[in-house]
$ cat upload34.pdb   # PDB, C-alpha atoms
ATOM      1  CA  MET A   1     135.964  64.761 148.248
ATOM      2  CA  ASP A   2     134.771  67.766 150.281
ATOM      3  CA  LEU A   3     131.385  68.941 148.943
ATOM      4  CA  LYS A   4     131.801  72.260 150.765
ATOM      5  CA  THR A   5     134.576  73.226 148.376
ATOM      6  CA  LEU A   6     133.132  71.645 145.237
ATOM      7  CA  ASP A   7     132.712  74.061 142.331
ATOM      8  CA  LEU A   8     129.603  73.020 140.383
ATOM      9  CA  ASN A   9     131.098  74.558 137.246
ATOM     10  CA  LEU A  10     133.668  71.786 137.384
ATOM     11  CA  LEU A  11     130.880  69.260 136.995
ATOM     12  CA  ARG A  12     129.558  71.108 133.943
ATOM     13  CA  SER A  13     133.051  70.988 132.478
ATOM     14  CA  LEU A  14     133.342  67.287 133.262
ATOM     15  CA  ASP A  15     130.057  66.617 131.471
ATOM     16  CA  ALA A  16     131.304  68.507 128.409
ATOM     17  CA  LEU A  17     134.681  66.735 128.489
ATOM     18  CA  LEU A  18     133.104  63.287 128.670
ATOM     19  CA  ASP A  19     130.694  64.151 125.870
ATOM     20  CA  GLU A  20     133.150  65.873 123.520
ATOM     21  CA  ARG A  21     136.263  63.821 124.422
ATOM     22  CA  SER A  22     138.301  66.895 123.527
ATOM     23  CA  VAL A  23     139.578  69.706 125.721
ATOM     24  CA  THR A  24     139.239  72.198 122.868
ATOM     25  CA  ALA A  25     135.674  71.180 121.958
ATOM     26  CA  ALA A  26     134.614  71.097 125.615
ATOM     27  CA  ALA A  27     136.044  74.573 126.163
ATOM     28  CA  ARG A  28     134.109  75.880 123.159
ATOM     29  CA  ARG A  29     130.902  74.267 124.415
ATOM     30  CA  VAL A  30     131.196  75.636 127.951
ATOM     31  CA  GLY A  31     132.436  79.031 126.806
ATOM     32  CA  VAL A  32     135.918  79.143 128.343
ATOM     33  CA  SER A  33     139.418  79.185 126.885
ATOM     34  CA  GLN A  34     141.314  76.015 126.075
ATOM     35  CA  PRO A  35     143.934  76.640 128.814
ATOM     36  CA  ALA A  36     141.135  77.200 131.341
ATOM     37  CA  MET A  37     139.520  73.893 130.386
ATOM     38  CA  SER A  38     142.885  72.127 130.670
ATOM     39  CA  ALA A  39     143.255  73.550 134.176
ATOM     40  CA  GLN A  40     139.763  72.364 135.072
ATOM     41  CA  LEU A  41     140.563  68.872 133.781
ATOM     42  CA  ALA A  42     143.638  68.834 136.030
ATOM     43  CA  ARG A  43     141.470  69.820 139.018
ATOM     44  CA  LEU A  44     138.922  67.150 138.149
ATOM     45  CA  ARG A  45     141.624  64.503 137.941
ATOM     46  CA  ALA A  46     142.851  65.477 141.373
ATOM     47  CA  LEU A  47     139.302  65.607 142.729
ATOM     48  CA  PHE A  48     138.390  62.114 141.514
ATOM     49  CA  GLY A  49     141.836  60.561 141.807
ATOM     50  CA  ASP A  50     141.514  59.322 138.222
ATOM     51  CA  PRO A  51     142.801  60.463 134.802
ATOM     52  CA  LEU A  52     139.173  60.595 133.490
ATOM     53  CA  LEU A  53     140.337  61.124 129.878
ATOM     54  CA  VAL A  54     143.322  59.253 128.510
ATOM     55  CA  ALA A  55     145.100  59.466 125.166
ATOM     56  CA  SER A  56     144.406  56.700 122.637
ATOM     57  CA  GLY A  57     146.330  57.495 119.490
ATOM     58  CA  ARG A  58     145.125  60.930 118.422
ATOM     59  CA  ARG A  59     141.896  60.642 120.383
ATOM     60  CA  MET A  60     140.946  61.004 124.028
ATOM     61  CA  VAL A  61     138.826  58.244 125.545
ATOM     62  CA  PRO A  62     137.125  58.122 128.948
ATOM     63  CA  SER A  63     138.545  55.935 131.685
ATOM     64  CA  LEU A  64     136.350  53.243 133.221
ATOM     65  CA  ARG A  65     135.712  55.539 136.191
ATOM     66  CA  ALA A  66     134.633  58.317 133.826
ATOM     67  CA  GLU A  67     132.267  55.987 131.981
ATOM     68  CA  ALA A  68     130.635  55.082 135.290
ATOM     69  CA  LEU A  69     130.246  58.782 136.144
ATOM     70  CA  ARG A  70     128.715  59.861 132.816
ATOM     71  CA  ASP A  71     125.012  59.017 133.262
ATOM     72  CA  PRO A  72     124.700  59.876 136.996
ATOM     73  CA  LEU A  73     126.483  63.181 136.344
ATOM     74  CA  ARG A  74     124.140  64.092 133.489
ATOM     75  CA  ARG A  75     121.065  63.278 135.570
ATOM     76  CA  LEU A  76     122.433  65.370 138.434
ATOM     77  CA  LEU A  77     123.063  68.378 136.200
ATOM     78  CA  GLN A  78     119.633  68.074 134.611
ATOM     79  CA  ASP A  79     117.991  67.907 138.038
ATOM     80  CA  LEU A  80     119.939  70.952 139.224
ATOM     81  CA  ALA A  81     119.018  72.892 136.087
ATOM     82  CA  GLY A  82     115.366  71.982 136.552
ATOM     83  CA  LEU A  83     115.487  73.068 140.185
ATOM     84  CA  VAL A  84     116.929  76.461 139.270
ATOM     85  CA  ARG A  85     114.459  76.986 136.419
ATOM     86  CA  ALA A  86     111.395  75.751 138.268
ATOM     87  CA  GLN A  87     110.019  79.232 138.906
ATOM     88  CA  ALA A  88     111.921  81.039 136.179
ATOM     89  CA  VAL A  89     110.184  83.416 133.786
ATOM     90  CA  PHE A  90     111.853  83.789 130.424
ATOM     91  CA  ALA A  91     112.374  87.392 129.321
ATOM     92  CA  PRO A  92     113.533  87.352 125.671
ATOM     93  CA  ALA A  93     114.711  90.959 125.547
ATOM     94  CA  ALA A  94     117.147  90.371 128.412
ATOM     95  CA  ALA A  95     118.079  86.759 127.675
ATOM     96  CA  ASP A  96     121.576  85.535 126.815
ATOM     97  CA  ASN A  97     120.714  81.865 126.223
ATOM     98  CA  THR A  98     122.335  79.731 123.545
ATOM     99  CA  PHE A  99     119.873  77.644 121.538
ATOM    100  CA  ARG A 100     121.022  74.700 119.403
ATOM    101  CA  LEU A 101     118.795  73.677 116.507
ATOM    102  CA  GLY A 102     119.581  70.537 114.534
ATOM    103  CA  GLY A 103     118.721  69.986 110.896
ATOM    104  CA  THR A 104     119.999  68.893 107.507
ATOM    105  CA  ASP A 105     121.674  71.359 105.171
ATOM    106  CA  HIS A 106     118.334  71.496 103.306
ATOM    107  CA  VAL A 107     116.582  72.686 106.478
ATOM    108  CA  HIS A 108     119.249  75.210 107.399
ATOM    109  CA  ALA A 109     119.360  76.614 103.869
ATOM    110  CA  MET A 110     115.629  77.295 104.014
ATOM    111  CA  LEU A 111     115.565  78.748 107.524
ATOM    112  CA  SER A 112     118.904  80.111 108.642
ATOM    113  CA  GLY A 113     119.018  83.642 107.229
ATOM    114  CA  GLY A 114     115.480  84.718 108.002
ATOM    115  CA  LEU A 115     115.234  82.853 111.296
ATOM    116  CA  VAL A 116     118.455  84.379 112.638
ATOM    117  CA  SER A 117     117.236  87.899 111.852
ATOM    118  CA  HIS A 118     113.818  87.161 113.341
ATOM    119  CA  LEU A 119     115.270  85.799 116.588
ATOM    120  CA  ARG A 120     117.709  88.687 116.958
ATOM    121  CA  ARG A 121     114.890  91.198 116.695
ATOM    122  CA  LEU A 122     113.025  89.466 119.514
ATOM    123  CA  ALA A 123     116.005  88.581 121.718
ATOM    124  CA  PRO A 124     119.204  90.389 120.644
ATOM    125  CA  GLY A 125     121.334  88.823 123.369
ATOM    126  CA  ILE A 126     120.748  85.163 122.512
ATOM    127  CA  ARG A 127     123.019  82.949 120.445
ATOM    128  CA  LEU A 128     121.800  80.436 117.865
ATOM    129  CA  ALA A 129     123.819  77.406 116.765
ATOM    130  CA  MET A 130     122.511  75.718 113.628
ATOM    131  CA  MET A 131     123.783  72.178 114.155
ATOM    132  CA  PRO A 132     124.034  69.164 111.825
ATOM    133  CA  PHE A 133     121.485  66.379 112.182
ATOM    134  CA  HIS A 134     122.839  62.841 112.550
ATOM    135  CA  SER A 135     120.148  60.189 112.215
ATOM    136  CA  ASP A 136     122.247  57.575 114.008
ATOM    137  CA  ARG A 137     122.410  59.629 117.205
ATOM    138  CA  ALA A 138     119.309  61.807 116.910
ATOM    139  CA  TRP A 139     117.828  60.790 120.256
ATOM    140  CA  GLN A 140     121.156  60.911 122.085
ATOM    141  CA  ASP A 141     121.784  64.478 120.891
ATOM    142  CA  LEU A 142     118.422  65.609 122.288
ATOM    143  CA  GLU A 143     118.792  63.616 125.490
ATOM    144  CA  SER A 144     122.282  64.933 126.218
ATOM    145  CA  GLY A 145     121.397  68.557 125.510
ATOM    146  CA  ARG A 146     123.787  68.745 122.565
ATOM    147  CA  LEU A 147     120.668  69.839 120.655
ATOM    148  CA  ASP A 148     117.664  71.685 122.095
ATOM    149  CA  ALA A 149     115.482  70.662 119.157
ATOM    150  CA  SER A 150     115.794  69.239 115.665
ATOM    151  CA  ILE A 151     113.824  69.794 112.491
ATOM    152  CA  VAL A 152     113.475  66.420 110.797
ATOM    153  CA  THR A 153     111.481  64.833 108.011
ATOM    154  CA  SER A 154     108.355  62.836 108.707
ATOM    155  CA  PHE A 155     110.369  59.703 107.872
ATOM    156  CA  VAL A 156     112.385  60.092 111.097
ATOM    157  CA  THR A 157     110.738  58.349 114.053
ATOM    158  CA  LEU A 158     111.820  59.115 117.612
ATOM    159  CA  ASN A 159     109.200  57.342 119.683
ATOM    160  CA  ASP A 160     109.787  59.154 122.981
ATOM    161  CA  ALA A 161     110.287  62.626 121.525
ATOM    162  CA  LYS A 162     107.806  65.465 121.624
ATOM    163  CA  ALA A 163     106.952  66.684 118.125
ATOM    164  CA  ARG A 164     105.179  69.493 116.313
ATOM    165  CA  PRO A 165     104.504  69.579 112.553
ATOM    166  CA  LEU A 166     105.900  72.532 110.606
ATOM    167  CA  LEU A 167     105.166  72.156 106.900
ATOM    168  CA  GLN A 168     104.570  69.800 103.993
ATOM    169  CA  GLU A 169     107.060  69.756 101.136
ATOM    170  CA  ARG A 170     106.727  68.491  97.567
ATOM    171  CA  PHE A 171     109.273  67.748  94.856
ATOM    172  CA  VAL A 172     109.776  69.727  91.649
ATOM    173  CA  PHE A 173     111.859  69.416  88.482
ATOM    174  CA  ALA A 174     114.803  71.828  88.092
ATOM    175  CA  GLN A 175     117.106  72.654  85.157
ATOM    176  CA  ARG A 176     119.421  75.526  84.310
ATOM    177  CA  LYS A 177     118.052  78.556  82.516
ATOM    178  CA  GLY A 178     118.799  78.213  78.824
ATOM    179  CA  HIS A 179     118.758  74.419  78.932
ATOM    180  CA  PRO A 180     118.725  72.990  75.384
ATOM    181  CA  ARG A 181     115.518  71.048  76.049
ATOM    182  CA  GLY A 182     113.610  74.339  76.287
ATOM    183  CA  ALA A 183     111.728  76.178  79.024
ATOM    184  CA  THR A 184     108.535  74.147  79.254
ATOM    185  CA  PRO A 185     107.500  71.450  81.754
ATOM    186  CA  PRO A 186     108.823  68.018  80.702
ATOM    187  CA  ASN A 187     106.500  65.155  79.892
ATOM    188  CA  LEU A 188     107.280  61.694  81.233
ATOM    189  CA  ASP A 189     109.215  60.609  78.153
ATOM    190  CA  ALA A 190     111.379  63.731  78.193
ATOM    191  CA  PHE A 191     111.968  63.402  81.941
ATOM    192  CA  CYS A 192     113.212  59.823  81.611
ATOM    193  CA  ALA A 193     115.442  60.650  78.625
ATOM    194  CA  LEU A 194     117.401  63.371  80.442
ATOM    195  CA  ASP A 195     120.626  62.949  82.422
ATOM    196  CA  HIS A 196     119.844  63.359  86.109
ATOM    197  CA  LEU A 197     121.664  64.381  89.256
ATOM    198  CA  LEU A 198     120.471  62.634  92.420
ATOM    199  CA  ILE A 199     120.930  63.634  96.059
ATOM    200  CA  SER A 200     122.040  60.749  98.271
ATOM    201  CA  PRO A 201     122.330  62.028 101.882
ATOM    202  CA  GLU A 202     124.235  58.911 102.952
ATOM    203  CA  GLY A 203     126.562  59.312  99.957
ATOM    204  CA  GLY A 204     127.058  57.330  96.781
ATOM    205  CA  GLY A 205     123.479  56.243  96.061
ATOM    206  CA  PHE A 206     121.975  56.297  92.572
ATOM    207  CA  VAL A 207     118.390  55.316  93.432
ATOM    208  CA  GLY A 208     115.851  57.323  95.412
ATOM    209  CA  ALA A 209     112.138  57.964  95.918
ATOM    210  CA  VAL A 210     111.783  59.292  92.363
ATOM    211  CA  ASP A 211     113.167  56.065  90.917
ATOM    212  CA  GLN A 212     110.793  54.017  93.053
ATOM    213  CA  ALA A 213     107.857  56.072  91.760
ATOM    214  CA  LEU A 214     109.030  55.592  88.177
ATOM    215  CA  GLU A 215     109.427  51.857  88.713
ATOM    216  CA  ARG A 216     105.768  51.650  89.717
ATOM    217  CA  LEU A 217     104.976  53.160  86.301
ATOM    218  CA  GLY A 218     107.244  50.700  84.526
ATOM    219  CA  ARG A 219     109.734  53.475  83.703
ATOM    220  CA  ALA A 220     113.285  54.457  84.649
ATOM    221  CA  ARG A 221     115.567  57.482  84.352
ATOM    222  CA  ARG A 222     119.323  57.922  83.834
ATOM    223  CA  VAL A 223     121.073  59.040  87.020
ATOM    224  CA  GLN A 224     124.562  60.143  86.021
ATOM    225  CA  VAL A 225     125.772  61.992  89.143
ATOM    226  CA  SER A 226     125.207  61.431  92.853
ATOM    227  CA  LEU A 227     125.875  64.171  95.431
ATOM    228  CA  PRO A 228     125.515  64.064  99.239
ATOM    229  CA  SER A 229     123.873  67.494  99.597
ATOM    230  CA  PHE A 230     121.174  69.556  97.908
ATOM    231  CA  LEU A 231     123.336  72.636  98.467
ATOM    232  CA  LEU A 232     125.975  71.150  96.169
ATOM    233  CA  ALA A 233     123.418  70.419  93.478
ATOM    234  CA  ALA A 234     122.449  73.922  92.344
ATOM    235  CA  PRO A 235     125.964  74.953  91.181
ATOM    236  CA  VAL A 236     126.282  71.704  89.204
ATOM    237  CA  ILE A 237     122.853  72.112  87.603
ATOM    238  CA  GLU A 238     123.524  75.750  86.760
ATOM    239  CA  THR A 239     126.701  74.883  84.833
ATOM    240  CA  SER A 240     125.656  71.684  83.053
ATOM    241  CA  ASP A 241     122.770  70.046  81.206
ATOM    242  CA  LEU A 242     122.025  67.752  84.142
ATOM    243  CA  VAL A 243     118.594  68.086  85.732
ATOM    244  CA  CYS A 244     117.519  67.399  89.299
ATOM    245  CA  VAL A 245     114.439  66.783  91.438
ATOM    246  CA  PHE A 246     114.454  69.294  94.309
ATOM    247  CA  PRO A 247     112.253  69.997  97.341
ATOM    248  CA  GLU A 248     110.192  72.935  96.121
ATOM    249  CA  ARG A 249     111.002  75.439  98.872
ATOM    250  CA  LEU A 250     114.728  74.786  98.594
ATOM    251  CA  ALA A 251     114.576  75.169  94.825
ATOM    252  CA  MET A 252     112.894  78.546  95.300
ATOM    253  CA  THR A 253     115.567  79.554  97.839
ATOM    254  CA  CYS A 254     118.699  78.678  95.856
ATOM    255  CA  GLY A 255     117.374  78.573  92.317
ATOM    256  CA  ALA A 256     117.759  82.092  90.905
ATOM    257  CA  ASN A 257     119.426  80.599  87.828
ATOM    258  CA  LEU A 258     117.092  77.620  87.560
ATOM    259  CA  ASP A 259     113.840  76.913  85.744
ATOM    260  CA  ILE A 260     111.459  75.049  88.051
ATOM    261  CA  PHE A 261     108.519  72.935  86.845
ATOM    262  CA  PRO A 262     106.060  70.413  88.300
ATOM    263  CA  LEU A 263     106.982  66.767  87.896
ATOM    264  CA  PRO A 264     105.134  64.876  85.138
ATOM    265  CA  PHE A 265     104.134  62.098  87.569
ATOM    266  CA  GLU A 266     103.212  61.715  91.228
ATOM    267  CA  VAL A 267     105.973  61.449  93.849
ATOM    268  CA  ASP A 268     105.150  61.442  97.525
ATOM    269  CA  GLY A 269     106.356  64.554  99.315
ATOM    270  CA  PHE A 270     107.352  64.720 102.937
ATOM    271  CA  GLY A 271     106.612  66.661 106.081
ATOM    272  CA  LEU A 272     109.009  68.569 108.310
ATOM    273  CA  GLN A 273     108.500  68.506 112.060
ATOM    274  CA  MET A 274     110.272  69.859 115.100
ATOM    275  CA  VAL A 275     111.222  67.309 117.758
ATOM    276  CA  TRP A 276     112.598  67.766 121.269
ATOM    277  CA  HIS A 277     113.246  65.786 124.436
ATOM    278  CA  PRO A 278     110.431  65.578 127.026
ATOM    279  CA  ARG A 279     112.755  66.908 129.748
ATOM    280  CA  SER A 280     112.765  70.353 128.078
ATOM    281  CA  HIS A 281     109.059  70.341 127.261
ATOM    282  CA  ASN A 282     108.032  72.818 129.973
ATOM    283  CA  ASP A 283     111.220  74.856 130.213
ATOM    284  CA  PRO A 284     110.190  78.522 129.668
ATOM    285  CA  ALA A 285     113.153  79.383 127.447
ATOM    286  CA  GLN A 286     112.759  76.265 125.344
ATOM    287  CA  VAL A 287     108.998  76.767 125.000
ATOM    288  CA  TRP A 288     109.642  80.324 123.794
ATOM    289  CA  PHE A 289     112.311  79.207 121.308
ATOM    290  CA  ARG A 290     110.169  76.444 119.812
ATOM    291  CA  THR A 291     107.172  78.752 119.521
ATOM    292  CA  VAL A 292     109.234  81.388 117.715
ATOM    293  CA  VAL A 293     110.572  78.838 115.212
ATOM    294  CA  VAL A 294     107.105  77.422 114.512
ATOM    295  CA  ASP A 295     105.550  80.875 114.139
ATOM    296  CA  TYR A 296     108.352  81.983 111.828
ATOM    297  CA  VAL A 297     107.874  78.986 109.533
ATOM    298  CA  ARG A 298     104.111  79.323 109.440
ATOM    299  CA  GLN A 299     104.069  83.086 108.869
ATOM    300  CA  THR A 300     106.893  83.488 106.346
ATOM    301  CA  PRO A 301     105.925  83.694 102.658
ATOM    302  CA  GLY A 302     107.640  80.905 100.752
ATOM    303  CA  LEU A 303     107.713  78.653 103.826
ATOM    304  CA  ALA A 304     104.107  78.678 104.976
ATOM    305  CA  GLY A 305     101.456  76.685 103.188
TER     306      GLY A 305
END

$ encode --input "upload34.pdb" --output "structure tokens"
Amino acid sequence: MDLKTLDLNLLRSLDALLDERSVTAAARRVGVSQPAMSAQLARLRALFGDPLLVASGRRMVPSLRAEALRDPLRRLLQDLAGLVRAQAVFAPAAADNTFRLGGTDHVHAMLSGGLVSHLRRLAPGIRLAMMPFHSDRAWQDLESGRLDASIVTSFVTLNDAKARPLLQERFVFAQRKGHPRGATPPNLDAFCALDHLLISPEGGGFVGAVDQALERLGRARRVQVSLPSFLLAAPVIETSDLVCVFPERLAMTCGANLDIFPLPFEVDGFGLQMVWHPRSHNDPAQVWFRTVVVDYVRQTPGLAG
């Protein structure tokens, strides 16, 4: 291998290929066409004298040589990026960065519309990717740069991550407008007698924090339907006599056709916090992005407080 002729962009492409294990996904991530990424993979194979990615059924898997390259390559690219940015000053008005913010559908539903508009006013040339949050690979996504930051609940613990609190959320009772039980807050007996819809993020669960709180009171409710997403809940509630316990801010966001009341018993709420990897802690662009998100949350009516 002749370093004098090495194109560093090839190494960026290799990092994306090993991470995505897909020519199409790697091309999208790097910002080139699929044929261009295929050509780069061919050059990389010739450069390393190894297939790097090989077909396994319908998937592509890294060769043993590629697996050995993965971590040293990522460290090298991170060091090079840090070297280039060491004296950089971030100018939002002229920036064309892409920022990737992880979160659940609940988080994105609360933030996406207003945050996108807010960011575009400050930095019209940037791109924002609102990415899904996967608890099983939360740290890896931050470490690899797949995500710049994530907004997670206070229940998520990433010991080595940097973190900043955003807000505290509480739960409320929601029903459709015109529900036959009437438009007044339910008492405990009425709450337990209703048919409930429960959100189970992992899918298929029929017991949650509300049921644990009721159990401490010696009570129980009837959970008839389980859904994997709060965003799926509102349409079901609006067209049935099922009721649901929602995070308050989300209920206010998507609940134009819902009546919202306090719960008739105490249920612990939760906090939302932003987390990021220490390697991006002092990066000027990342510092700016995190500050904008925090300020937006804390200054926006309906989110702040």

$ resolve_selection --input "upload34.pdb" --expression "the PyMOL selection byres ((chain A and resi 26) around 12)" --output "PyMOL selection string"
chain A and resi 10+12-25+27-38+40-41+146

$ atom_distance --input "upload34.pdb" --atom1 "CA of Ser229 in chain A" --atom2 "CA of Val297 in chain A"
22.1 Å

$ resolve_selection --input "upload34.pdb" --expression "the PyMOL selection byres ((chain A and resi 102) around 7)" --output "list in words"
Arg100, Leu101, Gly103, Met130, Met131, Pro132, Phe133, Leu147, Ala149, Ser150 and Ile151 of chain A

$ closest_residue --input "upload34.pdb" --among "A:Leu158, A:Val152, A:Leu188, A:Val236" --to "Thr104 in chain A" --atoms "only C-alpha atoms"
A:Val152

$ atom_distance --input "upload34.pdb" --atom1 "CA of Ser63 in chain A" --atom2 "CA of Ala81 in chain A"
26.2 Å

$ closest_residue --input "upload34.pdb" --among "A:Asp136, A:Glu143, A:Asp105, A:Asp7" --to "Arg279 in chain A" --atoms "only C-alpha atoms"
A:Glu143

$ residues_near_point --input "upload34.pdb" --point "(118.4, 66.2, 81.3)" --cutoff "7 Å" --atoms "all atoms listed in the file" --output "list of chain:residue names"
A:Ala193, A:Leu194, A:Asp195, A:His196, A:Asp241, A:Leu242, A:Val243

$ atom_distance --input "upload34.pdb" --atom1 "CA of Pro228 in chain A" --atom2 "CA of Gln273 in chain A"
21.8 Å

$ resolve_selection --input "upload34.pdb" --expression "the PyMOL selection byres ((chain A and resi 51) around 12)" --output "list in words"
Leu14, Leu18, Leu41, Ala42, Arg43, Leu44, Arg45, Ala46, Leu47, Phe48, Gly49, Asp50, Leu52, Leu53, Val54, Ala55, Met60, Val61, Pro62, Ser63, Leu64, Arg65, Ala66 and Glu67 of chain A

$ closest_residue --input "upload34.pdb" --among "A:Gly302, A:Thr98, A:Leu232, A:Arg249" --to "Gly145 in chain A" --atoms "all atoms listed in the file"
A:Thr98

$ closest_residue --input "upload34.pdb" --among "A:Pro92, A:Pro278, A:Gly205, A:Pro124" --to "Val223 in chain A" --atoms "all atoms listed in the file"
A:Gly205

$ closest_residue --input "upload34.pdb" --among "A:Ile237, A:Leu303, A:Val210, A:Cys244" --to "Asn257 in chain A" --atoms "only C-alpha atoms"
A:Ile237

$ residues_near_point --input "upload34.pdb" --point "(102.5, 54.2, 93.3)" --cutoff "9 Å" --atoms "only C-alpha atoms" --output "list in words"
Gln212, Ala213, Leu214, Glu215, Arg216, Leu217, Glu266, Val267 and Asp268 of chain A

$ residues_around --input "upload34.pdb" --residues "Asp96 in chain A" --least-positions-apart "2" --cutoff "10 Å" --atoms "all atoms listed in the file" --output "list in words"
Ala91, Pro92, Ala93, Ala94, Thr98, Phe99, Ala123, Pro124, Gly125, Ile126 and Arg127 of chain A

$ closest_residue --input "upload34.pdb" --among "A:Leu142, A:Leu231, A:Ala174, A:Leu73" --to "Pro201 in chain A" --atoms "only C-alpha atoms"
A:Leu231

$ decode --input "upload34.pdb" --residues "range 36-83 of chain A" --atoms "C-alpha atoms" --output "short mmCIF file (atom, residue, chain, number, x, y, z; two decimals), in the first residue's frame"
data_model
loop_
_atom_site.label_atom_id
_atom_site.label_comp_id
_atom_site.auth_asym_id
_atom_site.auth_seq_id
_atom_site.Cartn_x
_atom_site.Cartn_y
_atom_site.Cartn_z
CA ALA A 36 -19.87 5.42 -6.58
CA MET A 37 -19.80 3.48 -3.31
CA SER A 38 -19.59 0.19 -5.23
CA ALA A 39 -16.59 1.57 -7.12
CA GLN A 40 -14.97 2.63 -3.85
CA LEU A 41 -15.52 -0.84 -2.39
CA ALA A 42 -13.78 -2.32 -5.44
CA ARG A 43 -10.82 0.05 -4.90
CA LEU A 44 -10.69 -0.85 -1.21
CA ARG A 45 -10.66 -4.55 -2.01
CA ALA A 46 -7.75 -4.03 -4.36
CA LEU A 47 -5.98 -1.79 -1.84
CA PHE A 48 -6.22 -4.31 1.01
CA GLY A 49 -6.06 -7.47 -1.09
CA ASP A 50 -9.18 -8.73 0.69
CA PRO A 51 -12.92 -8.90 -0.13
CA LEU A 52 -13.70 -6.93 3.10
CA LEU A 53 -17.47 -7.56 2.75
CA VAL A 54 -18.77 -10.92 1.60
CA ALA A 55 -22.29 -12.12 0.84
CA SER A 56 -23.99 -14.31 3.45
CA GLY A 57 -27.47 -15.08 2.22
CA ARG A 58 -29.12 -11.71 1.70
CA ARG A 59 -26.72 -9.93 4.02
CA MET A 60 -23.16 -8.68 3.73
CA VAL A 61 -20.77 -9.60 6.53
CA PRO A 62 -17.22 -8.37 7.16
CA SER A 63 -14.28 -10.64 6.46
CA LEU A 64 -11.88 -11.46 9.28
CA ARG A 65 -9.46 -8.87 7.90
CA ALA A 66 -12.22 -6.26 7.92
CA GLU A 67 -13.13 -7.08 11.52
CA ALA A 68 -9.51 -6.54 12.52
CA LEU A 69 -9.48 -3.17 10.72
CA ARG A 70 -12.72 -1.82 12.23
CA ASP A 71 -11.58 -0.42 15.60
CA PRO A 72 -8.14 0.90 14.50
CA LEU A 73 -9.78 2.56 11.49
CA ARG A 74 -12.41 4.28 13.63
CA ARG A 75 -9.79 5.55 16.07
CA LEU A 76 -7.70 6.85 13.17
CA LEU A 77 -10.63 8.72 11.64
CA GLN A 78 -11.62 10.19 15.00
CA ASP A 79 -8.05 11.36 15.60
CA LEU A 80 -7.88 12.93 12.14
CA ALA A 81 -11.22 14.67 12.65
CA GLY A 82 -10.05 16.00 16.01
CA LEU A 83 -6.82 17.25 14.47
#
